[in-house]
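**Q** Got a structure for you, questions after.
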Amino acid sequence: MSGHNASGNAGPKGTRLVVSSLHDKDLPEAARIVRLAFGTFLGAPDPDTFWADRDYVYGRQPASHVASFGATLDGRLVGSNFATSWGSVGFFGPLTVHPDLQEQGIARALLAKSMEQFDTWGMRHVGLFTFAQSAKHIALYQKYGFYARFLTAIMSAKATRQRPRDGRASAR
Ligand SMILES: CC(C)(COP(=O)(O)OP(=O)(O)OC[C@H]1O[C@@H](n2cnc3c(N)ncnc32)[C@H](O)[C@@H]1OP(=O)(O)O)[C@@H](O)C(=O)NCCC(=O)NCCS
């Protein structure tokens with residue numbers, strides 16, 4: 001996993017792209033970008049409020065086994081990633097970049113920094129969850145040595161109230 005340069009780089013259109021530890025002051029914006037990025041990718045009608053009931057940022061930030069990274073363009077937060085240590089096994093995500101600034105190497109800069117962290121921790125195995133139908137995601141992660149192994153379909157169905165045979169509604 002070595003060999004990925006994550007230091008400050010020239011960003012898009014002459015901006016300066018820096019990846020460093022995520023600051024507490026940037027957590028609200030990091031959480032907003034997570035919602036916006038996934039909401040946009042998944043086609044939510046209002047990406048800004050997508051996943052408003054989920055926390056992918058605040059709980060990870062203070063955890064001692066998690067390294068949080070933020071990407072800034074000229075000082076403005078534009079993306080983040082969270083590397084997690086499970087002993088000798090590493091995991092990362094959510095990785096997100098503001099939808100207006102994708103396809104400009106920001107995720108790659110965040111991934112490079114995350115790979116450095118896994119090297120520092122001495123991880124023997126690292127993995128992630130991603131969208132198997134997205135050529136972009138697969139190609140992006142392959143650049144860092146990750147290859148698809150097990151295809152796990154995550155399925156859902158609407159919860160419906162169960163009615164017992166005597167016609168009374170059940171609490172379940
Ligand atoms: C996935 C995500 C983080 C990528 O961020 P990004 O800043 O656009 O990614 P980058 O520009 O750094 O890298 C994308 C790479 O994929 C390549 N790529 C894009 N589309 C591709 C395609 N269809 N086929 C092959 N490669 C593709 C790009 O060329 C680029 O590589 P290059 O810089 O070597 O040319 C961003 O799209 C996002 O936030 N998506 C919504 C949330 C999400 O899905 N997060 C990841 C969950 S696992």
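Chain lettering (A, B, ...) mirrors the order of the structure tokens, residue numbering begins at 1 for each chain separately, and ligand numbering begins at 1 in order of display.
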Counting only C-alpha atoms and all ligand atoms, which residues of chain A fall within 8 Å of ligand 1, and what is the closest atom pair for each with its distance in Å at one decimal, ordered by chain and rising number, as JSON lines?
**A**
{"residue": "A:Val34", "atom": "CA", "partner": "ligand 1", "partner_atom_place_in_ligand_line": "42 (C)", "distance": 7.0}
{"residue": "A:Ala37", "atom": "CA", "partner": "ligand 1", "partner_atom_place_in_ligand_line": "41 (C)", "distance": 4.3}
{"residue": "A:Phe38", "atom": "CA", "partner": "ligand 1", "partner_atom_place_in_ligand_line": "42 (C)", "distance": 4.4}
{"residue": "A:Gly39", "atom": "CA", "partner": "ligand 1", "partner_atom_place_in_ligand_line": "41 (C)", "distance": 7.7}
{"residue": "A:Thr40", "atom": "CA", "partner": "ligand 1", "partner_atom_place_in_ligand_line": "41 (C)", "distance": 7.1}
{"residue": "A:Phe41", "atom": "CA", "partner": "ligand 1", "partner_atom_place_in_ligand_line": "41 (C)", "distance": 5.2}
{"residue": "A:Gly79", "atom": "CA", "partner": "ligand 1", "partner_atom_place_in_ligand_line": "39 (O)", "distance": 7.6}
{"residue": "A:Gly93", "atom": "CA", "partner": "ligand 1", "partner_atom_place_in_ligand_line": "48 (S)", "distance": 6.7}
{"residue": "A:Pro94", "atom": "CA", "partner": "ligand 1", "partner_atom_place_in_ligand_line": "47 (C)", "distance": 5.9}
{"residue": "A:Leu95", "atom": "CA", "partner": "ligand 1", "partner_atom_place_in_ligand_line": "45 (N)", "distance": 4.9}
{"residue": "A:Thr96", "atom": "CA", "partner": "ligand 1", "partner_atom_place_in_ligand_line": "39 (O)", "distance": 3.5}
{"residue": "A:Val97", "atom": "CA", "partner": "ligand 1", "partner_atom_place_in_ligand_line": "39 (O)", "distance": 4.0}
{"residue": "A:His98", "atom": "CA", "partner": "ligand 1", "partner_atom_place_in_ligand_line": "39 (O)", "distance": 6.2}
{"residue": "A:Pro99", "atom": "CA", "partner": "ligand 1", "partner_atom_place_in_ligand_line": "39 (O)", "distance": 6.5}
{"residue": "A:Leu101", "atom": "CA", "partner": "ligand 1", "partner_atom_place_in_ligand_line": "7 (O)", "distance": 6.6}
{"residue": "A:Gln102", "atom": "CA", "partner": "ligand 1", "partner_atom_place_in_ligand_line": "8 (O)", "distance": 3.4}
{"residue": "A:Glu103", "atom": "CA", "partner": "ligand 1", "partner_atom_place_in_ligand_line": "11 (O)", "distance": 3.2}
{"residue": "A:Gln104", "atom": "CA", "partner": "ligand 1", "partner_atom_place_in_ligand_line": "11 (O)", "distance": 4.1}
{"residue": "A:Gly105", "atom": "CA", "partner": "ligand 1", "partner_atom_place_in_ligand_line": "12 (O)", "distance": 3.2}
{"residue": "A:Ile106", "atom": "CA", "partner": "ligand 1", "partner_atom_place_in_ligand_line": "7 (O)", "distance": 4.1}
{"residue": "A:Ala107", "atom": "CA", "partner": "ligand 1", "partner_atom_place_in_ligand_line": "12 (O)", "distance": 3.6}
{"residue": "A:Arg108", "atom": "CA", "partner": "ligand 1", "partner_atom_place_in_ligand_line": "12 (O)", "distance": 3.9}
{"residue": "A:Ala109", "atom": "CA", "partner": "ligand 1", "partner_atom_place_in_ligand_line": "12 (O)", "distance": 6.6}
{"residue": "A:Leu110", "atom": "CA", "partner": "ligand 1", "partner_atom_place_in_ligand_line": "12 (O)", "distance": 7.9}
{"residue": "A:Leu128", "atom": "CA", "partner": "ligand 1", "partner_atom_place_in_ligand_line": "48 (S)", "distance": 7.0}
{"residue": "A:Phe129", "atom": "CA", "partner": "ligand 1", "partner_atom_place_in_ligand_line": "48 (S)", "distance": 5.6}
{"residue": "A:Thr130", "atom": "CA", "partner": "ligand 1", "partner_atom_place_in_ligand_line": "48 (S)", "distance": 3.7}
{"residue": "A:Phe131", "atom": "CA", "partner": "ligand 1", "partner_atom_place_in_ligand_line": "48 (S)", "distance": 6.1}
{"residue": "A:Ser134", "atom": "CA", "partner": "ligand 1", "partner_atom_place_in_ligand_line": "23 (N)", "distance": 7.1}
{"residue": "A:Ala135", "atom": "CA", "partner": "ligand 1", "partner_atom_place_in_ligand_line": "23 (N)", "distance": 4.6}
{"residue": "A:Lys136", "atom": "CA", "partner": "ligand 1", "partner_atom_place_in_ligand_line": "21 (C)", "distance": 3.6}
{"residue": "A:His137", "atom": "CA", "partner": "ligand 1", "partner_atom_place_in_ligand_line": "1 (C)", "distance": 5.7}
{"residue": "A:Ile138", "atom": "CA", "partner": "ligand 1", "partner_atom_place_in_ligand_line": "25 (C)", "distance": 7.5}
{"residue": "A:Ala139", "atom": "CA", "partner": "ligand 1", "partner_atom_place_in_ligand_line": "26 (N)", "distance": 4.8}
{"residue": "A:Leu140", "atom": "CA", "partner": "ligand 1", "partner_atom_place_in_ligand_line": "16 (O)", "distance": 4.5}
{"residue": "A:Lys143", "atom": "CA", "partner": "ligand 1", "partner_atom_place_in_ligand_line": "34 (O)", "distance": 7.5}
**Q** Generate a file of the selected residues that holds N, CA and C atoms, formatted as a compact mmCIF listing (two decimals), in the first residue's frame.
**A**
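Ended up saving to part-v1.txt:
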# COMPACT_ATOMS: atom_id res chain seq x y z
N VAL A 34 -21.16 14.48 3.14
CA VAL A 34 -21.51 13.05 3.09
C VAL A 34 -22.94 12.89 2.59
N ALA A 37 -23.20 14.11 -1.15
CA ALA A 37 -22.51 13.24 -2.12
C ALA A 37 -23.30 11.95 -2.33
N PHE A 38 -23.70 11.29 -1.23
CA PHE A 38 -24.45 10.04 -1.39
C PHE A 38 -25.85 10.32 -1.94
N GLY A 39 -26.48 11.40 -1.46
CA GLY A 39 -27.82 11.74 -1.94
C GLY A 39 -27.81 12.00 -3.43
N THR A 40 -26.80 12.70 -3.90
CA THR A 40 -26.70 12.99 -5.34
C THR A 40 -26.44 11.71 -6.12
N PHE A 41 -25.48 10.91 -5.64
CA PHE A 41 -25.14 9.67 -6.35
C PHE A 41 -26.33 8.73 -6.43
N GLY A 79 -14.12 17.42 1.03
CA GLY A 79 -14.31 15.98 1.07
C GLY A 79 -13.67 15.39 2.32
N GLY A 93 -14.02 4.44 4.94
CA GLY A 93 -15.27 4.99 4.48
C GLY A 93 -16.05 5.60 5.64
N PRO A 94 -17.03 6.44 5.38
CA PRO A 94 -17.40 6.86 4.05
C PRO A 94 -16.38 7.83 3.44
N LEU A 95 -16.10 7.60 2.16
CA LEU A 95 -15.25 8.51 1.36
C LEU A 95 -16.20 9.37 0.53
N THR A 96 -16.12 10.67 0.69
CA THR A 96 -17.02 11.53 -0.11
C THR A 96 -16.30 12.80 -0.56
N VAL A 97 -16.74 13.28 -1.71
CA VAL A 97 -16.25 14.53 -2.28
C VAL A 97 -17.48 15.35 -2.69
N HIS A 98 -17.44 16.64 -2.46
CA HIS A 98 -18.56 17.50 -2.84
C HIS A 98 -18.89 17.27 -4.33
N PRO A 99 -20.18 17.09 -4.64
CA PRO A 99 -20.56 16.77 -6.04
C PRO A 99 -20.06 17.79 -7.06
N LEU A 101 -17.26 19.11 -7.19
CA LEU A 101 -15.79 19.07 -7.34
C LEU A 101 -15.27 17.66 -7.60
N GLN A 102 -16.16 16.78 -8.01
CA GLN A 102 -15.72 15.42 -8.29
C GLN A 102 -14.98 15.34 -9.63
N GLU A 103 -14.31 14.23 -9.83
CA GLU A 103 -13.54 13.97 -11.07
C GLU A 103 -12.34 14.89 -11.21
N GLN A 104 -11.79 15.35 -10.09
CA GLN A 104 -10.62 16.23 -10.15
C GLN A 104 -9.50 15.74 -9.23
N GLY A 105 -9.56 14.48 -8.85
CA GLY A 105 -8.46 13.89 -8.09
C GLY A 105 -8.54 14.06 -6.59
N ILE A 106 -9.67 14.58 -6.08
CA ILE A 106 -9.75 14.83 -4.63
C ILE A 106 -9.89 13.51 -3.86
N ALA A 107 -10.70 12.60 -4.36
CA ALA A 107 -10.82 11.30 -3.68
C ALA A 107 -9.48 10.57 -3.71
N ARG A 108 -8.77 10.67 -4.81
CA ARG A 108 -7.47 9.99 -4.87
C ARG A 108 -6.50 10.55 -3.83
N ALA A 109 -6.54 11.86 -3.61
CA ALA A 109 -5.68 12.46 -2.59
C ALA A 109 -6.08 11.95 -1.20
N LEU A 110 -7.38 11.84 -0.95
CA LEU A 110 -7.84 11.32 0.34
C LEU A 110 -7.46 9.85 0.51
N LEU A 128 -13.17 -2.51 1.95
CA LEU A 128 -14.19 -1.46 1.91
C LEU A 128 -15.48 -2.03 1.33
N PHE A 129 -16.56 -1.30 1.52
CA PHE A 129 -17.81 -1.59 0.81
C PHE A 129 -17.96 -0.57 -0.29
N THR A 130 -18.47 -0.97 -1.45
CA THR A 130 -18.70 0.02 -2.50
C THR A 130 -19.87 -0.39 -3.38
N PHE A 131 -20.08 0.38 -4.43
CA PHE A 131 -21.20 0.14 -5.35
C PHE A 131 -20.69 -0.70 -6.52
N SER A 134 -20.91 0.43 -10.23
CA SER A 134 -20.28 1.67 -10.68
C SER A 134 -18.85 1.42 -11.16
N ALA A 135 -18.64 1.57 -12.47
CA ALA A 135 -17.29 1.38 -13.04
C ALA A 135 -16.32 2.37 -12.42
N LYS A 136 -16.82 3.59 -12.12
CA LYS A 136 -15.95 4.60 -11.51
C LYS A 136 -15.42 4.12 -10.16
N HIS A 137 -16.32 3.64 -9.31
CA HIS A 137 -15.89 3.21 -7.98
C HIS A 137 -14.89 2.06 -8.07
N ILE A 138 -15.22 1.07 -8.90
CA ILE A 138 -14.34 -0.10 -9.03
C ILE A 138 -12.95 0.35 -9.52
N ALA A 139 -12.94 1.22 -10.56
CA ALA A 139 -11.67 1.66 -11.13
C ALA A 139 -10.88 2.51 -10.13
N LEU A 140 -11.60 3.36 -9.40
CA LEU A 140 -10.91 4.21 -8.41
C LEU A 140 -10.19 3.35 -7.37
N LYS A 143 -7.02 1.40 -8.34
CA LYS A 143 -5.77 2.19 -8.40
C LYS A 143 -4.97 2.05 -7.11
**Q** Give me the residues near Lys25 (chain A) as a list of chain:residue names, where near means some atom within 12 Å (using only C-alpha atoms) and where sequence neighbours in that chain fewer than 4 positions away do not count.
**A**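 So the residues in contact are A:Ser21, A:Glu29, A:Ala30, A:Ala31, A:Tyr58, A:Gln61, A:Gly70, A:Arg76, A:Leu77.
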**Q** With N, CA and C atoms kept, could you save the residues just selected as a short mmCIF file (atom, residue, chain, number, x, y, z; two decimals), in the first residue's frame?
**A**
data_model
loop_
_atom_site.label_atom_id
_atom_site.label_comp_id
_atom_site.auth_asym_id
_atom_site.auth_seq_id
_atom_site.Cartn_x
_atom_site.Cartn_y
_atom_site.Cartn_z
N SER A 21 -5.55 15.81 8.83
CA SER A 21 -6.54 15.31 9.79
C SER A 21 -7.77 16.22 9.78
N GLU A 29 -19.69 20.52 8.19
CA GLU A 29 -19.56 20.56 6.73
C GLU A 29 -19.23 19.16 6.18
N ALA A 30 -18.40 18.41 6.92
CA ALA A 30 -18.09 17.04 6.49
C ALA A 30 -19.38 16.21 6.44
N ALA A 31 -20.22 16.34 7.47
CA ALA A 31 -21.48 15.58 7.50
C ALA A 31 -22.39 16.04 6.37
N TYR A 58 -19.73 12.21 13.12
CA TYR A 58 -19.49 12.64 14.51
C TYR A 58 -19.04 11.48 15.40
N GLN A 61 -15.19 10.49 14.44
CA GLN A 61 -14.12 11.45 14.70
C GLN A 61 -13.39 11.23 16.04
N GLY A 70 -9.60 15.16 6.11
CA GLY A 70 -10.38 16.14 5.36
C GLY A 70 -9.54 16.67 4.21
N ARG A 76 -11.00 25.48 2.16
CA ARG A 76 -12.43 25.10 2.28
C ARG A 76 -12.56 23.58 2.19
N LEU A 77 -13.28 23.00 3.17
CA LEU A 77 -13.47 21.55 3.16
C LEU A 77 -14.28 21.12 1.95
#
**Q** Work out how far CA of Tyr141 (chain A) is from CA of Met155 (chain A), in Å to one decimal.
**A**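 Atom-to-atom, CA of Met155 (chain A) to CA of Tyr141 (chain A), that is 23.5 Å.
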**Q** Pick the closest to Gln142 (chain A) from A:Val78, A:Gly122, A:Arg32, A:Leu111: which is it, counting only C-alpha atoms?
**A**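 Ranking A:Val78, A:Gly122, A:Arg32, A:Leu111 by distance to Gln142 (chain A), first place goes to A:Leu111.
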**Q** Which of region 2-159 of chain A counts as strand (DSSP E or B) under DSSP, as an MDAnalysis selection string please?
**A** chainID A and resid 9:10 16:21 66:73 76:86 89:92 96:97 125:127
**Q** Please list as a ChimeraX atom specification every residue within 12 Å of Ser114 (chain A), counting only C-alpha atoms and excluding residues in the same chain fewer than 5 positions away.
**A** /A:1-7,19-21,66-71,80-85,90-95,107-109,119-121,123,126-127,144
**Q** So that I have them on file, write out the residues from the current selection with N, CA and C atoms, as a compact mmCIF listing (two decimals), in the first residue's frame.
**A**
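Written file, selection_21.txt:
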# COMPACT_ATOMS: atom_id res chain seq x y z
N MET A 1 0.82 -1.20 0.00
CA MET A 1 0.00 0.00 0.00
C MET A 1 0.85 1.26 0.00
N SER A 2 2.16 1.12 -0.11
CA SER A 2 3.01 2.30 -0.06
C SER A 2 3.04 2.99 -1.42
N GLY A 3 3.71 4.12 -1.46
CA GLY A 3 3.99 4.75 -2.73
C GLY A 3 2.94 5.72 -3.20
N HIS A 4 1.98 6.10 -2.35
CA HIS A 4 0.97 7.06 -2.76
C HIS A 4 1.25 8.38 -2.08
N ASN A 5 1.54 9.41 -2.86
CA ASN A 5 1.89 10.70 -2.28
C ASN A 5 0.64 11.47 -1.89
N ALA A 6 0.52 11.80 -0.60
CA ALA A 6 -0.69 12.49 -0.14
C ALA A 6 -0.39 13.89 0.37
N SER A 7 0.76 14.45 0.04
CA SER A 7 1.07 15.78 0.53
C SER A 7 0.26 16.81 -0.25
N VAL A 19 -4.66 17.56 2.06
CA VAL A 19 -5.35 16.53 2.85
C VAL A 19 -4.65 16.42 4.19
N SER A 20 -5.42 16.57 5.26
CA SER A 20 -4.84 16.48 6.61
C SER A 20 -5.90 15.91 7.54
N SER A 21 -5.55 15.81 8.83
CA SER A 21 -6.54 15.31 9.79
C SER A 21 -7.77 16.22 9.78
N VAL A 66 -9.95 5.26 14.88
CA VAL A 66 -10.30 5.84 13.58
C VAL A 66 -9.42 7.05 13.30
N ALA A 67 -8.89 7.14 12.07
CA ALA A 67 -8.17 8.33 11.62
C ALA A 67 -9.06 9.03 10.58
N SER A 68 -9.40 10.29 10.87
CA SER A 68 -10.32 11.03 9.99
C SER A 68 -9.52 12.02 9.16
N PHE A 69 -9.81 12.07 7.86
CA PHE A 69 -9.08 12.98 6.97
C PHE A 69 -10.04 13.91 6.24
N GLY A 70 -9.60 15.16 6.11
CA GLY A 70 -10.38 16.14 5.36
C GLY A 70 -9.54 16.67 4.21
N ALA A 71 -10.19 16.89 3.07
CA ALA A 71 -9.51 17.52 1.92
C ALA A 71 -10.00 18.96 1.84
N SER A 80 -13.99 14.13 2.59
CA SER A 80 -13.40 13.48 3.77
C SER A 80 -13.37 11.97 3.59
N ASN A 81 -12.58 11.35 4.45
CA ASN A 81 -12.54 9.88 4.50
C ASN A 81 -12.16 9.46 5.91
N PHE A 82 -12.58 8.26 6.30
CA PHE A 82 -12.37 7.77 7.65
C PHE A 82 -11.73 6.39 7.57
N ALA A 83 -10.49 6.28 8.09
CA ALA A 83 -9.78 5.00 8.10
C ALA A 83 -9.94 4.38 9.49
N THR A 84 -10.30 3.10 9.51
CA THR A 84 -10.58 2.42 10.78
C THR A 84 -9.64 1.25 10.98
N SER A 85 -9.12 1.13 12.20
CA SER A 85 -8.23 0.02 12.54
C SER A 85 -9.00 -1.01 13.36
N GLY A 90 -7.89 -3.38 8.31
CA GLY A 90 -8.29 -1.99 8.13
C GLY A 90 -9.54 -1.88 7.28
N PHE A 91 -10.26 -0.81 7.49
CA PHE A 91 -11.49 -0.55 6.75
C PHE A 91 -11.56 0.95 6.51
N PHE A 92 -12.12 1.39 5.39
CA PHE A 92 -12.29 2.84 5.25
C PHE A 92 -13.64 3.21 4.67
N GLY A 93 -14.02 4.44 4.94
CA GLY A 93 -15.27 4.99 4.48
C GLY A 93 -16.05 5.60 5.64
N PRO A 94 -17.03 6.44 5.38
CA PRO A 94 -17.40 6.86 4.05
C PRO A 94 -16.38 7.83 3.44
N LEU A 95 -16.10 7.60 2.16
CA LEU A 95 -15.25 8.51 1.36
C LEU A 95 -16.20 9.37 0.53
N ALA A 107 -10.70 12.60 -4.36
CA ALA A 107 -10.82 11.30 -3.68
C ALA A 107 -9.48 10.57 -3.71
N ARG A 108 -8.77 10.67 -4.81
CA ARG A 108 -7.47 9.99 -4.87
C ARG A 108 -6.50 10.55 -3.83
N ALA A 109 -6.54 11.86 -3.61
CA ALA A 109 -5.68 12.46 -2.59
C ALA A 109 -6.08 11.95 -1.20
N ASP A 119 -0.50 1.89 6.24
CA ASP A 119 0.91 1.47 6.30
C ASP A 119 1.47 1.74 7.69
N THR A 120 1.16 2.93 8.23
CA THR A 120 1.65 3.30 9.56
C THR A 120 1.13 2.33 10.62
N TRP A 121 -0.13 1.95 10.49
CA TRP A 121 -0.72 1.00 11.45
C TRP A 121 -0.20 -0.42 11.23
N MET A 123 -1.22 -2.55 8.82
CA MET A 123 -2.35 -3.43 8.48
C MET A 123 -1.91 -4.57 7.56
N VAL A 126 -6.86 -4.92 4.20
CA VAL A 126 -7.69 -3.71 4.18
C VAL A 126 -8.82 -3.90 3.18
N GLY A 127 -10.00 -3.41 3.52
CA GLY A 127 -11.14 -3.56 2.62
C GLY A 127 -12.13 -2.43 2.75
N TYR A 144 -5.65 1.61 -6.04
CA TYR A 144 -4.97 1.45 -4.74
C TYR A 144 -4.84 -0.03 -4.35
**Q** Rank A:Gln117, A:Ser88, A:Ser156, A:Thr72 by their smallest atom-to-atom distance to Thr15 (chain A), using only C-alpha atoms, and report the top residue only.
**A**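 The closest residue to Thr15 (chain A) is A:Thr72.
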